$ cat target-v4.txt   # compact mmCIF, C-alpha atoms and all ligand atoms
# COMPACT_ATOMS: atom_id res chain seq x y z
CA MET A 506 -6.34 19.71 3.14
CA ALA A 507 -7.29 17.23 5.77
CA ALA A 508 -7.04 13.69 6.98
CA ARG A 509 -10.01 11.75 5.67
CA GLU A 510 -11.94 8.80 7.00
CA VAL A 511 -10.44 5.46 5.92
CA LEU A 512 -12.96 2.94 4.61
CA ARG A 513 -12.80 -0.51 6.15
CA MET A 514 -12.96 -3.96 4.64
CA GLY A 515 -16.53 -4.63 3.56
CA HIS A 516 -17.10 -1.21 2.01
CA PRO A 517 -18.00 -1.74 -1.68
CA VAL A 518 -15.56 0.93 -2.98
CA LEU A 519 -12.66 -1.19 -1.69
CA ARG A 520 -13.75 -4.04 -3.98
CA GLU A 521 -13.98 -1.98 -7.18
CA ARG A 522 -11.39 -1.52 -9.90
CA ALA A 523 -10.20 2.09 -9.78
CA GLN A 524 -10.08 4.21 -12.94
CA PRO A 525 -6.92 5.69 -14.51
CA VAL A 526 -6.16 9.37 -13.92
CA GLU A 527 -6.45 11.21 -17.24
CA ARG A 528 -5.25 14.71 -16.36
CA PHE A 529 -2.18 15.56 -14.33
CA GLY A 530 -1.29 18.73 -12.45
CA THR A 531 -4.92 19.63 -11.77
CA PRO A 532 -6.09 21.19 -8.48
CA GLU A 533 -8.34 18.14 -7.96
CA LEU A 534 -5.45 15.70 -8.22
CA SER A 535 -3.19 17.87 -6.01
CA SER A 536 -5.85 18.09 -3.33
CA LEU A 537 -6.50 14.32 -3.49
CA ILE A 538 -2.77 13.64 -3.02
CA ALA A 539 -2.54 16.18 -0.17
CA ASP A 540 -5.50 14.55 1.60
CA MET A 541 -3.92 11.12 1.12
CA LYS A 542 -0.63 12.34 2.65
CA ASP A 543 -2.47 13.87 5.60
CA THR A 544 -4.50 10.70 6.12
CA MET A 545 -1.46 8.43 5.95
CA ALA A 546 0.43 10.66 8.39
CA ALA A 547 -2.51 10.88 10.82
CA LYS A 548 -2.83 7.08 10.85
CA ASN A 549 0.93 6.51 10.89
CA GLY A 550 0.60 4.27 7.83
CA ALA A 551 3.22 2.91 5.42
CA GLY A 552 0.99 3.49 2.41
CA LEU A 553 -2.47 4.45 1.23
CA ALA A 554 -4.49 4.01 -1.96
CA ALA A 555 -7.15 6.49 -3.14
CA PRO A 556 -10.03 3.96 -2.88
CA GLN A 557 -9.33 3.74 0.86
CA ILE A 558 -10.62 7.30 1.20
CA GLY A 559 -13.47 6.60 -1.18
CA VAL A 560 -11.92 7.88 -4.43
CA GLY A 561 -11.93 5.37 -7.29
CA LEU A 562 -8.78 6.61 -9.04
CA ARG A 563 -5.46 4.83 -9.64
CA VAL A 564 -3.39 6.79 -7.13
CA VAL A 565 -1.23 5.34 -4.34
CA ILE A 566 1.27 6.81 -1.92
CA PHE A 567 3.77 4.96 0.27
CA GLY A 568 6.94 5.47 2.26
CA VAL A 569 8.62 4.28 5.44
CA ASN A 570 11.14 6.40 7.33
CA HIS A 571 14.02 4.94 9.22
CA ASN A 572 12.77 4.27 12.73
CA PRO A 573 15.39 4.04 15.48
CA ARG A 574 13.14 1.67 17.40
CA TYR A 575 13.28 -0.74 14.45
CA PRO A 576 16.79 -0.44 13.07
CA ASP A 577 16.27 -3.54 10.91
CA ALA A 578 13.12 -2.27 9.21
CA GLU A 579 13.79 -1.40 5.58
CA GLU A 580 13.34 2.20 4.51
CA VAL A 581 11.06 2.90 1.56
CA PRO A 582 11.33 6.29 -0.20
CA PHE A 583 8.21 8.42 0.04
CA THR A 584 6.48 8.07 -3.34
CA VAL A 585 3.33 9.31 -5.05
CA LEU A 586 2.46 6.91 -7.86
CA VAL A 587 -0.36 7.54 -10.32
CA ASN A 588 -1.52 4.93 -12.87
CA PRO A 589 1.07 2.42 -11.62
CA LYS A 590 2.27 -0.60 -13.56
CA ILE A 591 4.19 -3.54 -12.12
CA LEU A 592 6.56 -5.78 -14.04
CA LEU A 593 7.64 -8.84 -12.05
CA LEU A 594 11.37 -9.57 -12.20
CA THR A 595 11.10 -12.94 -10.51
CA ARG A 596 8.59 -15.68 -9.77
CA GLU A 597 10.10 -16.09 -6.32
CA VAL A 598 7.72 -15.33 -3.47
CA GLU A 599 8.36 -14.69 0.19
CA GLU A 600 5.91 -14.55 3.08
CA GLY A 601 5.77 -11.45 5.27
CA TRP A 602 3.42 -9.88 7.81
CA GLU A 603 1.15 -7.12 6.54
CA GLY A 604 -1.37 -4.77 8.01
CA CYS A 605 -3.76 -2.38 6.31
CA LEU A 606 -5.51 0.80 7.42
CA SER A 607 -8.71 -0.73 5.99
CA VAL A 608 -8.29 -3.82 8.21
CA PRO A 609 -7.40 -1.96 11.42
CA GLY A 610 -5.74 -3.73 14.31
CA MET A 611 -4.96 -6.92 12.40
CA ARG A 612 -2.03 -8.66 10.74
CA GLY A 613 -1.72 -11.45 8.23
CA LEU A 614 1.10 -13.44 6.67
CA VAL A 615 1.03 -12.74 2.92
CA PRO A 616 3.10 -14.22 0.07
CA ARG A 617 4.46 -11.56 -2.31
CA TYR A 618 6.89 -11.49 -5.22
CA THR A 619 10.36 -10.49 -4.05
CA ARG A 620 11.56 -8.34 -6.95
CA LEU A 621 9.77 -6.11 -9.44
CA ARG A 622 10.00 -2.98 -11.52
CA TYR A 623 7.28 -0.38 -11.06
CA SER A 624 6.44 2.62 -13.16
CA GLY A 625 3.87 5.37 -13.22
CA PHE A 626 3.69 9.13 -12.78
CA ASP A 627 3.77 11.66 -9.99
CA GLY A 628 0.93 14.17 -9.57
CA GLU A 629 2.44 16.49 -12.18
CA GLY A 630 2.73 13.74 -14.79
CA LEU A 631 6.47 13.21 -14.39
CA ALA A 632 7.41 9.60 -15.18
CA ILE A 633 8.71 7.37 -12.37
CA GLU A 634 10.42 4.03 -12.89
CA ARG A 635 12.17 2.02 -10.19
CA GLU A 636 13.24 -1.45 -9.25
CA ALA A 637 12.32 -2.67 -5.80
CA GLU A 638 12.83 -5.77 -3.71
CA GLY A 639 11.89 -7.10 -0.29
CA PHE A 640 9.70 -4.87 1.85
CA HIS A 641 9.63 -2.07 -0.73
CA ALA A 642 8.33 -4.52 -3.37
CA ARG A 643 5.80 -5.84 -0.85
CA VAL A 644 4.40 -2.37 -0.11
CA VAL A 645 4.05 -1.62 -3.84
CA GLN A 646 2.15 -4.87 -4.45
CA HIS A 647 -0.11 -4.22 -1.44
CA GLU A 648 -0.97 -0.67 -2.56
CA CYS A 649 -1.48 -1.55 -6.23
CA ASP A 650 -3.78 -4.43 -5.21
CA HIS A 651 -6.07 -1.81 -3.64
CA LEU A 652 -6.55 -0.32 -7.14
CA ASP A 653 -7.90 -3.66 -8.34
CA GLY A 654 -10.24 -4.11 -5.39
CA ILE A 655 -8.01 -6.61 -3.58
CA LEU A 656 -7.22 -6.51 0.15
CA TYR A 657 -4.33 -8.51 1.62
CA PRO A 658 -6.51 -11.23 3.27
CA GLN A 659 -7.49 -12.23 -0.29
CA ARG A 660 -3.80 -12.95 -1.01
CA MET A 661 -3.29 -15.12 2.07
CA THR A 662 -2.82 -18.86 1.71
CA ASP A 663 -2.95 -19.80 5.42
CA MET A 664 -5.76 -18.14 7.34
CA SER A 665 -4.37 -19.48 10.62
CA LYS A 666 -1.75 -16.70 10.19
CA PHE A 667 -4.37 -13.93 10.43
CA GLY A 668 -5.15 -12.22 13.71
CA PHE A 669 -5.16 -9.21 15.98
CA ASN A 670 -1.95 -7.24 16.49
CA GLU A 671 -2.05 -7.48 20.29
CA GLU A 672 -2.40 -11.25 20.18
CA LEU A 673 0.19 -11.87 17.46
CA PHE A 674 2.76 -9.25 18.47
CA PRO A 675 2.13 -8.19 22.09
CA GLY A 676 3.71 -4.87 23.00
CA GLU A 677 4.75 -3.94 19.47
CA ASP A 678 3.85 -0.69 17.78
CA LEU A 679 3.10 -1.58 14.15
CA VAL A 680 2.48 0.38 10.98
CA ASP A 681 -0.34 -0.37 8.56
CA GLU A 682 -0.43 -0.25 4.79
NI NI A 701 -3.87 -1.44 2.61

$ encode --input "target-v4.txt" --output "structure tokens"
Amino acid sequence: MAAREVLRMGHPVLRERAQPVERFGTPELSSLIADMKDTMAAKNGAGLAAPQIGVGLRVVIFGVNHNPRYPDAEEVPFTVLVNPKILLLTREVEEGWEGCLSVPGMRGLVPRYTRLRYSGFDGEGLAIEREAEGFHARVVQHECDHLDGILYPQRMTDMSKFGFNEELFPGEDLVDE
């Protein structure tokens, strides 16, 4: 298993709709998930979708550990989610800053729904269903958008709130999704 190259905005695979996984528990799916974990860890990301490493399948991973440097940052449980579905539990939206490993070095202010239920499967085909709000809900929406060929700048409503990390947040060490 190995960290893979992350495709950047502009690559055609990032604009395609990914296909559902049809067989669980296969060596191919396990090795895809292992490579995604390694890639996310190597890049210190908060999440990663399979199309970002050039694989057009509906697989995302995400998770944020408690970081003592950012005691206010919300923790998100590490999750592998295959064939995800989102059910919105509110129409309320909230703006928040996002980054993406496919848009390296940049940040944008993105409106997202604040509360949702997500479901899907892990790599072995075990069902997952959870409710999420706030940052957790944001990360899920960001990752699932990747499966429909959407990157966060396409969700922005005010492009004046899009820029380089060092200019927007000097001195901060930020994670990307
Ligand atoms: Ni992303």

$ residues_around --input "target-v4.txt" --residues "range 525-532 of chain A" --least-positions-apart "5" --cutoff "10 Å" --atoms "only C-alpha atoms" --output "CSV table (one decimal) with C-alpha atoms, in the frame of the given file"
chain,number,residue,atom,x,y,z
A,537,LEU,CA,-6.5,14.3,-3.5
A,538,ILE,CA,-2.8,13.6,-3.0
A,561,GLY,CA,-11.9,5.4,-7.3
A,562,LEU,CA,-8.8,6.6,-9.0
A,563,ARG,CA,-5.5,4.8,-9.6
A,564,VAL,CA,-3.4,6.8,-7.1
A,587,VAL,CA,-0.4,7.5,-10.3
A,588,ASN,CA,-1.5,4.9,-12.9
A,589,PRO,CA,1.1,2.4,-11.6
A,626,PHE,CA,3.7,9.1,-12.8
A,627,ASP,CA,3.8,11.7,-10.0
A,628,GLY,CA,0.9,14.2,-9.6
A,629,GLU,CA,2.4,16.5,-12.2
A,630,GLY,CA,2.7,13.7,-14.8
A,631,LEU,CA,6.5,13.2,-14.4
A,652,LEU,CA,-6.6,-0.3,-7.1

$ residues_around --input "target-v4.txt" --residues "range 555-558 of chain A" --least-positions-apart "3" --cutoff "12 Å" --atoms "only C-alpha atoms" --output "MDAnalysis selection string"
chainID A and resid 507:526 534 536:545 552 561:567 585:588 605:608 648:656 682

$ closest_residue --input "target-v4.txt" --among "A:Ala578, A:Met611, A:Ala546, A:Leu592" --to "Phe669 in chain A" --atoms "only C-alpha atoms"
A:Met611

$ atom_distance --input "target-v4.txt" --atom1 "CA of Ile591 in chain A" --atom2 "CA of Gly604 in chain A"
20.9 Å

$ residues_near_point --input "target-v4.txt" --point "(-1.0, -19.2, 7.6)" --cutoff "12 Å" --atoms "only C-alpha atoms" --output "list of chain:residue names"
A:Glu600, A:Gly601, A:Trp602, A:Arg612, A:Gly613, A:Leu614, A:Val615, A:Pro616, A:Pro658, A:Arg660, A:Met661, A:Thr662, A:Asp663, A:Met664, A:Ser665, A:Lys666, A:Phe667, A:Gly668

$ closest_residue --input "target-v4.txt" --among "A:Arg596, A:Arg635, A:His641, A:Lys590" --to "Ala551 in chain A" --atoms "only C-alpha atoms"
A:His641

$ closest_residue --input "target-v4.txt" --among "A:Val598, A:Leu679, A:Val560, A:Val581" --to "Ala637 in chain A" --atoms "only C-alpha atoms"
A:Val581

$ atom_distance --input "target-v4.txt" --atom1 "CA of Glu579 in chain A" --atom2 "CA of Gly639 in chain A"
8.4 Å

$ atom_distance --input "target-v4.txt" --atom1 "CA of Thr584 in chain A" --atom2 "CA of Pro609 in chain A"
22.6 Å

$ decode --input "target-v4.txt" --residues "range 586-606 of chain A" --atoms "N, CA and C atoms" --output "short mmCIF file (atom, residue, chain, number, x, y, z; two decimals), in the first residue's frame"
data_model
loop_
_atom_site.label_atom_id
_atom_site.label_comp_id
_atom_site.auth_asym_id
_atom_site.auth_seq_id
_atom_site.Cartn_x
_atom_site.Cartn_y
_atom_site.Cartn_z
N LEU A 586 -16.56 5.26 3.91
CA LEU A 586 -17.96 5.26 3.49
C LEU A 586 -18.03 4.96 1.99
N VAL A 587 -18.68 3.83 1.69
CA VAL A 587 -18.81 3.38 0.30
C VAL A 587 -20.27 3.55 -0.12
N ASN A 588 -20.49 4.00 -1.33
CA ASN A 588 -21.83 4.25 -1.88
C ASN A 588 -22.67 5.12 -0.95
N PRO A 589 -22.13 6.26 -0.52
CA PRO A 589 -22.84 7.08 0.47
C PRO A 589 -24.12 7.70 -0.06
N LYS A 590 -25.05 7.89 0.89
CA LYS A 590 -26.28 8.65 0.62
C LYS A 590 -26.44 9.67 1.73
N ILE A 591 -26.92 10.85 1.34
CA ILE A 591 -27.15 11.93 2.30
C ILE A 591 -28.62 12.28 2.32
N LEU A 592 -29.17 12.37 3.53
CA LEU A 592 -30.53 12.86 3.70
C LEU A 592 -30.43 14.14 4.53
N LEU A 593 -30.84 15.26 3.97
CA LEU A 593 -30.76 16.53 4.71
C LEU A 593 -31.82 16.55 5.81
N LEU A 594 -31.42 17.04 6.99
CA LEU A 594 -32.37 17.13 8.10
C LEU A 594 -32.77 18.57 8.36
N THR A 595 -32.24 19.48 7.56
CA THR A 595 -32.58 20.89 7.69
C THR A 595 -32.31 21.56 6.35
N ARG A 596 -32.93 22.73 6.18
CA ARG A 596 -32.59 23.56 5.01
C ARG A 596 -31.65 24.68 5.43
N GLU A 597 -31.31 24.70 6.71
CA GLU A 597 -30.44 25.75 7.24
C GLU A 597 -29.01 25.55 6.70
N VAL A 598 -28.42 26.64 6.25
CA VAL A 598 -27.03 26.56 5.80
C VAL A 598 -26.16 27.51 6.63
N GLU A 599 -24.87 27.17 6.65
CA GLU A 599 -23.92 27.95 7.43
C GLU A 599 -22.65 28.02 6.58
N GLU A 600 -22.00 29.19 6.61
CA GLU A 600 -20.76 29.31 5.84
C GLU A 600 -19.57 28.88 6.69
N GLY A 601 -18.61 28.23 6.06
CA GLY A 601 -17.40 27.83 6.77
C GLY A 601 -16.25 27.72 5.77
N TRP A 602 -15.02 27.86 6.30
CA TRP A 602 -13.84 27.78 5.43
C TRP A 602 -13.52 26.33 5.11
N GLU A 603 -13.22 26.07 3.84
CA GLU A 603 -12.82 24.73 3.42
C GLU A 603 -11.55 24.79 2.60
N GLY A 604 -10.82 23.67 2.67
CA GLY A 604 -9.70 23.47 1.78
C GLY A 604 -9.87 22.10 1.15
N CYS A 605 -9.05 21.79 0.17
CA CYS A 605 -9.18 20.50 -0.51
C CYS A 605 -7.81 20.10 -1.03
N LEU A 606 -7.47 18.82 -0.88
CA LEU A 606 -6.16 18.35 -1.37
C LEU A 606 -6.04 18.51 -2.88
#
